[in-house]
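Structure data (mmCIF, C-alpha atoms) from data_34.cif:
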```cif
data_entry
loop_
_atom_site.label_atom_id
_atom_site.label_comp_id
_atom_site.auth_asym_id
_atom_site.auth_seq_id
_atom_site.Cartn_x
_atom_site.Cartn_y
_atom_site.Cartn_z
CA MET A 655 0.00 0.00 0.00
CA THR A 656 1.37 3.36 -1.02
CA VAL A 657 -1.34 5.40 0.69
CA ILE A 658 -0.66 5.47 4.42
CA ALA A 659 -3.27 7.92 5.74
CA ILE A 660 -6.55 9.58 4.76
CA GLU A 661 -8.46 12.22 6.63
CA LYS A 662 -11.71 13.79 5.48
CA ASN A 663 -13.18 16.75 7.28
CA PRO A 664 -16.59 18.02 6.11
CA GLU A 665 -16.40 21.05 8.43
CA THR A 666 -13.21 22.40 6.89
CA ARG A 667 -14.12 20.98 3.45
CA THR A 668 -10.74 19.25 3.33
CA MET A 669 -9.43 15.88 2.25
CA THR A 670 -5.88 14.98 3.27
CA ILE A 671 -4.11 11.98 1.80
CA THR A 672 -0.59 10.84 2.66
CA ALA A 673 1.43 8.43 0.55
CA ARG A 674 4.85 6.89 0.95
CA PHE A 675 7.28 6.31 -1.90
CA ASP A 676 10.55 4.37 -2.08
CA ALA A 677 12.38 7.29 -3.64
CA PRO A 678 14.29 10.27 -2.26
CA VAL A 679 12.54 13.65 -1.86
CA ASP A 680 14.38 15.15 -4.86
CA ARG A 681 13.13 12.37 -7.10
CA VAL A 682 9.50 12.68 -5.92
CA TRP A 683 9.65 16.46 -6.41
CA GLN A 684 10.36 15.86 -10.12
CA VAL A 685 6.87 14.46 -10.70
CA TRP A 686 5.67 18.01 -9.92
CA SER A 687 8.53 20.07 -11.31
CA ASP A 688 8.97 18.25 -14.63
CA PRO A 689 5.96 18.92 -16.90
CA ARG A 690 6.64 15.73 -18.90
CA GLN A 691 6.32 13.66 -15.69
CA LEU A 692 3.39 15.69 -14.37
CA GLU A 693 1.31 15.02 -17.46
CA ARG A 694 1.83 11.27 -17.06
CA TRP A 695 -0.05 11.14 -13.78
CA TRP A 696 -2.32 14.20 -13.48
CA GLY A 697 -5.09 12.95 -15.76
CA PRO A 698 -6.69 9.51 -15.84
CA PRO A 699 -5.40 7.23 -18.65
CA THR A 700 -8.63 7.78 -20.63
CA TYR A 701 -8.09 11.56 -20.48
CA PRO A 702 -4.36 12.02 -21.04
CA ALA A 703 -3.09 15.43 -20.05
CA THR A 704 -0.71 17.69 -21.94
CA VAL A 705 0.96 20.38 -19.87
CA LEU A 706 1.06 23.50 -22.04
CA HIS A 707 2.67 25.98 -19.69
CA HIS A 708 4.58 25.23 -16.50
CA ASP A 709 6.02 27.96 -14.35
CA LEU A 710 6.41 26.61 -10.83
CA ILE A 711 7.22 29.85 -9.03
CA PRO A 712 5.04 31.89 -6.64
CA GLY A 713 2.60 33.82 -8.82
CA GLY A 714 3.37 31.55 -11.76
CA SER A 715 0.91 29.32 -13.53
CA VAL A 716 0.53 25.87 -14.98
CA THR A 717 -1.97 25.22 -17.78
CA TYR A 718 -2.96 21.88 -19.20
CA LEU A 719 -5.23 20.21 -21.68
CA MET A 720 -6.93 16.84 -21.25
CA THR A 721 -8.17 14.93 -24.28
CA GLY A 722 -11.02 12.47 -23.91
CA PRO A 723 -11.81 9.31 -25.90
CA GLU A 724 -14.10 11.28 -28.27
CA GLY A 725 -11.41 13.85 -28.92
CA ASP A 726 -13.14 16.16 -26.41
CA LYS A 727 -10.82 18.74 -24.88
CA HIS A 728 -10.87 19.98 -21.29
CA ARG A 729 -8.58 22.73 -20.10
CA GLY A 730 -7.46 23.50 -16.59
CA TRP A 731 -5.06 25.79 -14.80
CA TRP A 732 -3.10 26.18 -11.58
CA ARG A 733 -2.21 29.44 -9.94
CA VAL A 734 0.96 28.81 -7.95
CA LEU A 735 0.63 30.31 -4.47
CA ALA A 736 3.82 29.10 -2.78
CA VAL A 737 6.83 26.94 -3.67
CA ASP A 738 9.65 25.69 -1.50
CA ALA A 739 11.50 23.20 -3.70
CA PRO A 740 11.76 20.28 -3.07
CA HIS A 741 9.65 20.39 0.08
CA SER A 742 6.31 22.05 -0.51
CA LEU A 743 3.97 23.51 -3.07
CA GLU A 744 0.62 25.24 -2.84
CA PHE A 745 -1.64 26.05 -5.76
CA GLU A 746 -5.17 26.90 -6.74
CA ASP A 747 -6.61 24.58 -9.37
CA GLY A 748 -9.51 25.48 -11.64
CA PHE A 749 -11.31 24.97 -14.93
CA ALA A 750 -10.51 26.96 -18.03
CA ASP A 751 -12.61 27.78 -21.09
CA ASP A 752 -11.80 26.65 -24.66
CA THR A 753 -9.22 29.39 -25.05
CA GLY A 754 -7.45 28.39 -21.82
CA ARG A 755 -8.71 31.37 -19.80
CA PRO A 756 -9.77 30.57 -16.21
CA ASN A 757 -13.54 30.14 -16.05
CA PRO A 758 -14.68 32.26 -13.08
CA ASP A 759 -18.11 30.56 -13.00
CA LEU A 760 -16.68 27.19 -12.03
CA PRO A 761 -15.36 26.23 -8.61
CA THR A 762 -11.67 26.07 -7.73
CA MET A 763 -9.77 24.09 -5.12
CA ILE A 764 -6.60 24.70 -3.15
CA ALA A 765 -3.95 21.98 -2.95
CA HIS A 766 -1.10 21.96 -0.48
CA VAL A 767 1.66 19.43 -1.16
CA THR A 768 4.32 18.56 1.43
CA LEU A 769 7.22 16.16 0.83
CA ARG A 770 9.13 14.80 3.84
CA LYS A 771 12.24 12.66 4.02
CA GLU A 772 11.59 9.38 5.83
CA PRO A 773 14.23 7.78 8.11
CA ASP A 774 14.62 4.88 5.65
CA GLY A 775 15.44 7.22 2.77
CA GLY A 776 11.95 7.12 1.28
CA THR A 777 9.56 10.07 1.01
CA SER A 778 6.15 10.78 2.41
CA MET A 779 3.93 13.04 0.34
CA GLU A 780 0.95 14.74 1.94
CA ILE A 781 -1.71 16.35 -0.24
CA ARG A 782 -4.19 18.58 1.51
CA SER A 783 -7.03 19.43 -0.83
CA THR A 784 -9.56 22.06 0.24
CA PHE A 785 -12.69 23.58 -1.20
CA PRO A 786 -11.99 27.25 -0.43
CA THR A 787 -15.64 28.19 0.03
CA VAL A 788 -18.96 26.57 0.86
CA GLU A 789 -20.12 27.72 -2.59
CA ALA A 790 -17.28 25.89 -4.34
CA MET A 791 -18.11 22.69 -2.51
CA GLN A 792 -21.83 23.07 -3.12
CA GLN A 793 -21.17 23.63 -6.82
CA MET A 794 -19.06 20.50 -7.05
CA ILE A 795 -21.79 18.55 -5.29
CA THR A 796 -24.31 19.84 -7.82
CA MET A 797 -21.98 18.88 -10.67
CA GLY A 798 -21.56 15.45 -9.12
CA MET A 799 -25.33 15.05 -8.97
CA GLN A 800 -25.77 16.08 -12.57
CA GLU A 801 -23.17 13.52 -13.48
CA GLY A 802 -25.56 10.78 -12.37
CA MET A 803 -28.07 11.97 -14.96
CA SER A 804 -25.65 12.90 -17.68
CA ALA A 805 -25.05 10.82 -20.76
CA ALA A 806 -21.64 12.42 -21.13
CA LEU A 807 -20.42 10.73 -17.99
CA GLY A 808 -16.80 10.62 -19.02
CA GLN A 809 -16.69 14.34 -19.69
CA ILE A 810 -17.73 15.22 -16.18
CA ASP A 811 -15.35 12.60 -14.84
CA ALA A 812 -12.55 14.35 -16.63
CA LEU A 813 -13.67 17.71 -15.30
CA LEU A 814 -13.75 16.36 -11.78
CA ALA A 815 -10.42 14.68 -12.23
CA ALA A 816 -8.99 17.92 -13.53
CA GLN A 817 -10.51 19.82 -10.69
CA ASP A 818 -9.61 18.04 -7.54
CA GLY A 819 -6.19 19.60 -6.96
CA MET B 1190 -32.29 12.58 -2.48
CA VAL B 1191 -29.13 14.62 -2.26
CA VAL B 1192 -30.83 17.42 -4.18
CA ASP B 1193 -31.54 19.07 -0.83
CA ILE B 1194 -28.07 20.52 -0.63
CA ALA B 1195 -28.13 22.08 -4.09
CA ASP B 1196 -28.67 25.65 -2.96
CA VAL B 1197 -25.98 27.78 -1.44
CA GLU B 1198 -27.95 28.95 1.57
CA HIS B 1199 -28.73 25.43 2.47
CA ALA B 1200 -25.13 24.30 2.07
CA ASP B 1201 -24.17 27.16 4.40
CA ARG B 1202 -26.58 25.90 7.03
CA VAL B 1203 -25.22 22.36 6.69
CA PHE B 1204 -21.62 23.43 7.23
CA HIS B 1205 -22.54 25.77 10.05
CA ALA B 1206 -24.51 22.99 11.72
CA LEU B 1207 -21.58 20.58 11.41
CA ALA B 1208 -19.05 23.07 12.74
CA ASP B 1209 -20.01 22.31 16.35
CA ALA B 1210 -18.77 19.19 18.19
CA THR B 1211 -22.00 18.63 20.15
CA ARG B 1212 -24.08 18.90 17.01
CA ARG B 1213 -21.81 16.50 15.15
CA ASN B 1214 -22.22 14.10 18.04
CA ILE B 1215 -26.00 14.47 18.02
CA VAL B 1216 -26.04 13.69 14.30
CA ALA B 1217 -23.91 10.59 14.90
CA VAL B 1218 -26.25 9.44 17.68
CA VAL B 1219 -29.53 9.95 15.82
CA LEU B 1220 -28.16 8.31 12.68
CA GLN B 1221 -27.95 5.12 14.77
CA GLY B 1222 -31.64 5.42 15.64
CA GLU B 1223 -34.41 7.74 16.70
CA HIS B 1224 -33.97 9.52 20.06
CA SER B 1225 -36.18 11.89 22.00
CA VAL B 1226 -34.86 15.35 22.81
CA SER B 1227 -34.86 14.43 26.50
CA ASP B 1228 -32.76 11.29 25.77
CA LEU B 1229 -30.28 13.53 23.98
CA ALA B 1230 -30.32 16.13 26.75
CA ARG B 1231 -29.21 13.47 29.25
CA ARG B 1232 -26.13 12.70 27.18
CA TYR B 1233 -24.61 16.19 27.32
CA PRO B 1234 -23.56 18.39 30.24
CA MET B 1235 -25.93 21.16 29.21
CA SER B 1236 -29.51 22.23 29.70
CA PHE B 1237 -32.48 20.71 27.89
CA ALA B 1238 -33.01 24.10 26.24
CA ALA B 1239 -29.42 24.19 24.97
CA VAL B 1240 -29.75 20.71 23.44
CA GLN B 1241 -33.10 21.70 21.95
CA LYS B 1242 -31.38 24.69 20.32
CA HIS B 1243 -28.71 22.44 18.80
CA VAL B 1244 -31.40 20.14 17.45
CA ALA B 1245 -33.19 23.14 15.92
CA VAL B 1246 -29.98 24.19 14.09
CA LEU B 1247 -29.56 20.65 12.77
CA GLU B 1248 -33.21 20.55 11.73
CA ARG B 1249 -32.94 23.81 9.77
CA ALA B 1250 -29.91 22.35 7.96
CA GLY B 1251 -31.98 19.29 7.04
CA LEU B 1252 -29.54 17.02 8.88
CA VAL B 1253 -32.18 15.71 11.30
CA THR B 1254 -35.94 15.53 11.31
CA LYS B 1255 -38.09 16.01 14.37
CA LYS B 1256 -41.55 14.66 14.88
CA ARG B 1257 -43.89 14.77 17.79
CA ARG B 1258 -45.01 11.48 19.30
CA GLY B 1259 -47.39 12.02 22.20
CA ARG B 1260 -45.63 14.35 24.61
CA GLU B 1261 -42.23 13.53 23.19
CA GLN B 1262 -40.26 15.01 20.33
CA ARG B 1263 -38.39 12.29 18.45
CA VAL B 1264 -35.26 13.17 16.48
CA SER B 1265 -33.88 11.07 13.63
CA GLY B 1266 -30.97 11.59 11.26
CA ASN B 1267 -31.30 12.50 7.59
CA ILE B 1268 -28.54 10.51 6.01
CA ASP B 1269 -28.88 11.88 2.45
CA VAL B 1270 -27.56 15.37 3.13
CA LEU B 1271 -24.50 14.08 4.93
CA ARG B 1272 -24.00 11.54 2.20
CA ALA B 1273 -23.70 14.27 -0.45
CA VAL B 1274 -20.85 15.94 1.44
CA HIS B 1275 -19.08 12.68 2.16
CA ARG B 1276 -19.50 11.45 -1.40
CA LEU B 1277 -17.68 14.49 -2.71
CA LEU B 1278 -14.76 13.99 -0.31
CA ASP B 1279 -14.77 10.26 -1.15
CA ARG B 1280 -14.58 11.12 -4.80
CA LEU B 1281 -11.63 13.40 -4.15
CA GLU B 1282 -9.95 10.55 -2.30
CA THR B 1283 -10.45 8.21 -5.28
CA VAL B 1284 -9.00 10.72 -7.75
CA TRP B 1285 -5.90 11.20 -5.58
CA ARG B 1286 -5.46 7.49 -4.87
CA GLN B 1287 -5.37 6.88 -8.62
CA ARG B 1288 -2.90 9.72 -9.11
CA ILE B 1289 -0.68 8.38 -6.34
CA ASP B 1290 -0.73 4.95 -8.00
CA ARG B 1291 0.41 6.53 -11.26
CA ILE B 1292 3.15 8.51 -9.47
CA GLY B 1293 4.29 5.23 -7.91
CA GLU B 1294 4.57 3.69 -11.36
CA ILE B 1295 6.58 6.63 -12.71
CA LEU B 1296 8.96 6.47 -9.74
CA ALA B 1297 9.41 2.74 -10.24
CA ASP B 1298 10.22 3.22 -13.92
CA PRO B 1299 14.03 3.33 -14.20
CA THR B 1300 13.89 5.09 -17.58
CA THR B 1301 12.30 8.29 -16.18
CA GLY B 1302 13.75 10.91 -13.95
CA GLU B 1303 16.84 13.00 -14.19
CA ALA B 1304 20.12 11.47 -13.16
CA PRO B 1305 20.97 12.40 -9.58
#
```
Once you've parsed the file, please lay out its structure as structure tokens.
Amino acid sequence: MTVIAIEKNPETRTMTITARFDAPVDRVWQVWSDPRQLERWWGPPTYPATVLHHDLIPGGSVTYLMTGPEGDKHRGWWRVLAVDAPHSLEFEDGFADDTGRPNPDLPTMIAHVTLRKEPDGGTSMEIRSTFPTVEAMQQMITMGMQEGMSAALGQIDALLAAQDG
Amino acid sequence: MVVDIADVEHADRVFHALADATRRNIVAVVLQGEHSVSDLARRYPMSFAAVQKHVAVLERAGLVTKKRRGREQRVSGNIDVLRAVHRLLDRLETVWRQRIDRIGEILADPTTGEAP
């Protein structure tokens, strides 16, 4: 088991997941800092991601494109809030429109990533993922409900997958 | 149905209601089975009126329902509203578990990664 801890807190609208990897901190950091590695794991295999822009500095941004099985395109963005390489990273993650501009009508999430060196030389990675507002969470719940009725199930899956940062 | 939580004001009430430890505990208790307000009042070091107030907050949030039976008010949990919140966090967990699996595969692949 890679995942070693999970904590879900409805009051703070936060999900925290901690995983352990048999690799040094510097190596684990690369899956975030190298866009070619990032795009291999960010999206689900059915919606492969292409990282278009990757500027991992405070105030910088990351933009990406996910392509679905029908050729459908879904764009997303990160706004980098804080970086302390190779230890921590904080970013806001949201949906973008067809031109890649952030869509202000759709909810965003905040992700806080912390990498820690383990005594055995491995690395623990903690991801704290928070809905910044009640509205954002409520909107995602509504989108999740619509998903149950939607024929385009995969599309919403991709949106959710793109969104959860 | 989870549709109950689909308006912002209501979501606000749900999160406000869940932000208090006593109220969270009351929800946990009444989800196990119906209780009267007086049963609940005996469980907490506070007045009947205080417990009644907590129950009223939970009721407005749709987390519990109250009905009168004879002279007693019976409180039961409404599981659907809570389920909507938990389902979303569960979903987030699934997405990240899958991502972590893929990261694990990349790290195990000796052909990726910069030389140290």
Next item on the list: Could you state which residues are captured by the PyMOL selection byres ((chain B and resi 1265-1268) around 12) in this file, as a VMD selection string?
Entry: chain B and resid 1190 to 1191 1193 to 1194 1203 1212 to 1226 1229 1244 1247 to 1257 1262 to 1264 1269 to 1276
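Closest to chain A among B:Arg1202, B:Thr1211, B:Pro1299, B:Leu1278 is B:Leu1278, based on all atoms listed in the file.
Atom CA of A:Thr717 to atom CA of A:Trp731 spans 4.3 Å [interatomic distance, one decimal].
Interatomic distance, atom CA of A:Glu744 against atom CA of A:His766: 4.4 Å.
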Note to self: Just checking: using all atoms listed in the file, which residue out of A:Arg755, A:His707, A:Lys727, A:Arg674 ends up closest to A:Thr768?
What the structure shows: A:Arg674
Next item on the list: Would you write out, as a PyMOL selection string, every residue that the PyMOL selection byres ((chain A and resi 735) around 8) captures in this file?
Entry: chain A and resi 712-714+733-734+736-737+743-746
Notebook entry, point to check: Which polymer residues have any atom within 9 Å of an atom of stretch 683-685 of chain A, counting only C-alpha atoms, with same-chain residues fewer than 5 positions away left out, as an MDAnalysis selection string?
Noted result: (chainID A and resid 678 690:695 739:742 769) or (chainID B and resid 1292 1295:1296 1302:1303)
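With atom CA of A:Val682 on one side and atom CA of A:Pro773 on the other, the separation reads 15.6 Å.
Compared by their closest atoms to A:Thr672, and using all atoms listed in the file, the residues A:Asp752, A:Asp688, A:Glu780, A:Asp709 rank with A:Glu780 nearest.
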Notebook entry, point to check: For A:Gly722, which residue among A:Val767, A:Leu710, A:Tyr701, A:Gly748 is the nearest when counting only C-alpha atoms?
Noted result: A:Tyr701
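Evaluated on this file, the PyMOL selection byres ((chain B and resi 1290) around 12) matches Met655, Thr656, Val657, Ala673, Arg674, Phe675, Arg694, Trp695, Trp696, Gly697, Pro698 and Pro699 of chain A; Thr1283, Val1284, Trp1285, Arg1286, Gln1287, Arg1288, Ile1289, Arg1291, Ile1292, Gly1293, Glu1294, Ile1295, Leu1296 and Ala1297 of chain B.
Using all atoms listed in the file, the shortest contact distance between B:Val1240 and any of B:Gly1259, B:Asp1228, B:Thr1300, B:Ala1208 is found at B:Asp1228.
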Kindly list the centre and edge lengths in Å, rounded to one decimal, for the axis-aligned box that covers all listed atoms of stretch 1224-1233 of chain B plus 3 Å on each of its six sides, as AutoDock Vina command-line options.
```
--center_x -30.4 --center_y 12.9 --center_z 24.7 --size_x 17.6 --size_y 12.7 --size_z 15.2
```
Next item on the list: Fewer than 2 positions away in the same chain doesn't count, so skip those; otherwise give me all residues within 10 Å of A:Gly754, counting only C-alpha atoms, as a VMD selection string.
Entry: chain A and resid 706 717 to 719 728 to 731 749 to 752 756 to 757
For C-alpha atoms, I'd like the residues from the last selection saved as an mmCIF file, in the coordinates of the input.
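This went into selection_0.cif:
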```cif
data_model
loop_
_atom_site.group_PDB
_atom_site.id
_atom_site.type_symbol
_atom_site.label_atom_id
_atom_site.label_comp_id
_atom_site.auth_asym_id
_atom_site.auth_seq_id
_atom_site.Cartn_x
_atom_site.Cartn_y
_atom_site.Cartn_z
ATOM 1 C CA LEU A 706 1.060 23.500 -22.040
ATOM 2 C CA THR A 717 -1.970 25.220 -17.780
ATOM 3 C CA TYR A 718 -2.960 21.880 -19.200
ATOM 4 C CA LEU A 719 -5.230 20.210 -21.680
ATOM 5 C CA HIS A 728 -10.870 19.980 -21.290
ATOM 6 C CA ARG A 729 -8.580 22.730 -20.100
ATOM 7 C CA GLY A 730 -7.460 23.500 -16.590
ATOM 8 C CA TRP A 731 -5.060 25.790 -14.800
ATOM 9 C CA PHE A 749 -11.310 24.970 -14.930
ATOM 10 C CA ALA A 750 -10.510 26.960 -18.030
ATOM 11 C CA ASP A 751 -12.610 27.780 -21.090
ATOM 12 C CA ASP A 752 -11.800 26.650 -24.660
ATOM 13 C CA PRO A 756 -9.770 30.570 -16.210
ATOM 14 C CA ASN A 757 -13.540 30.140 -16.050
#
```
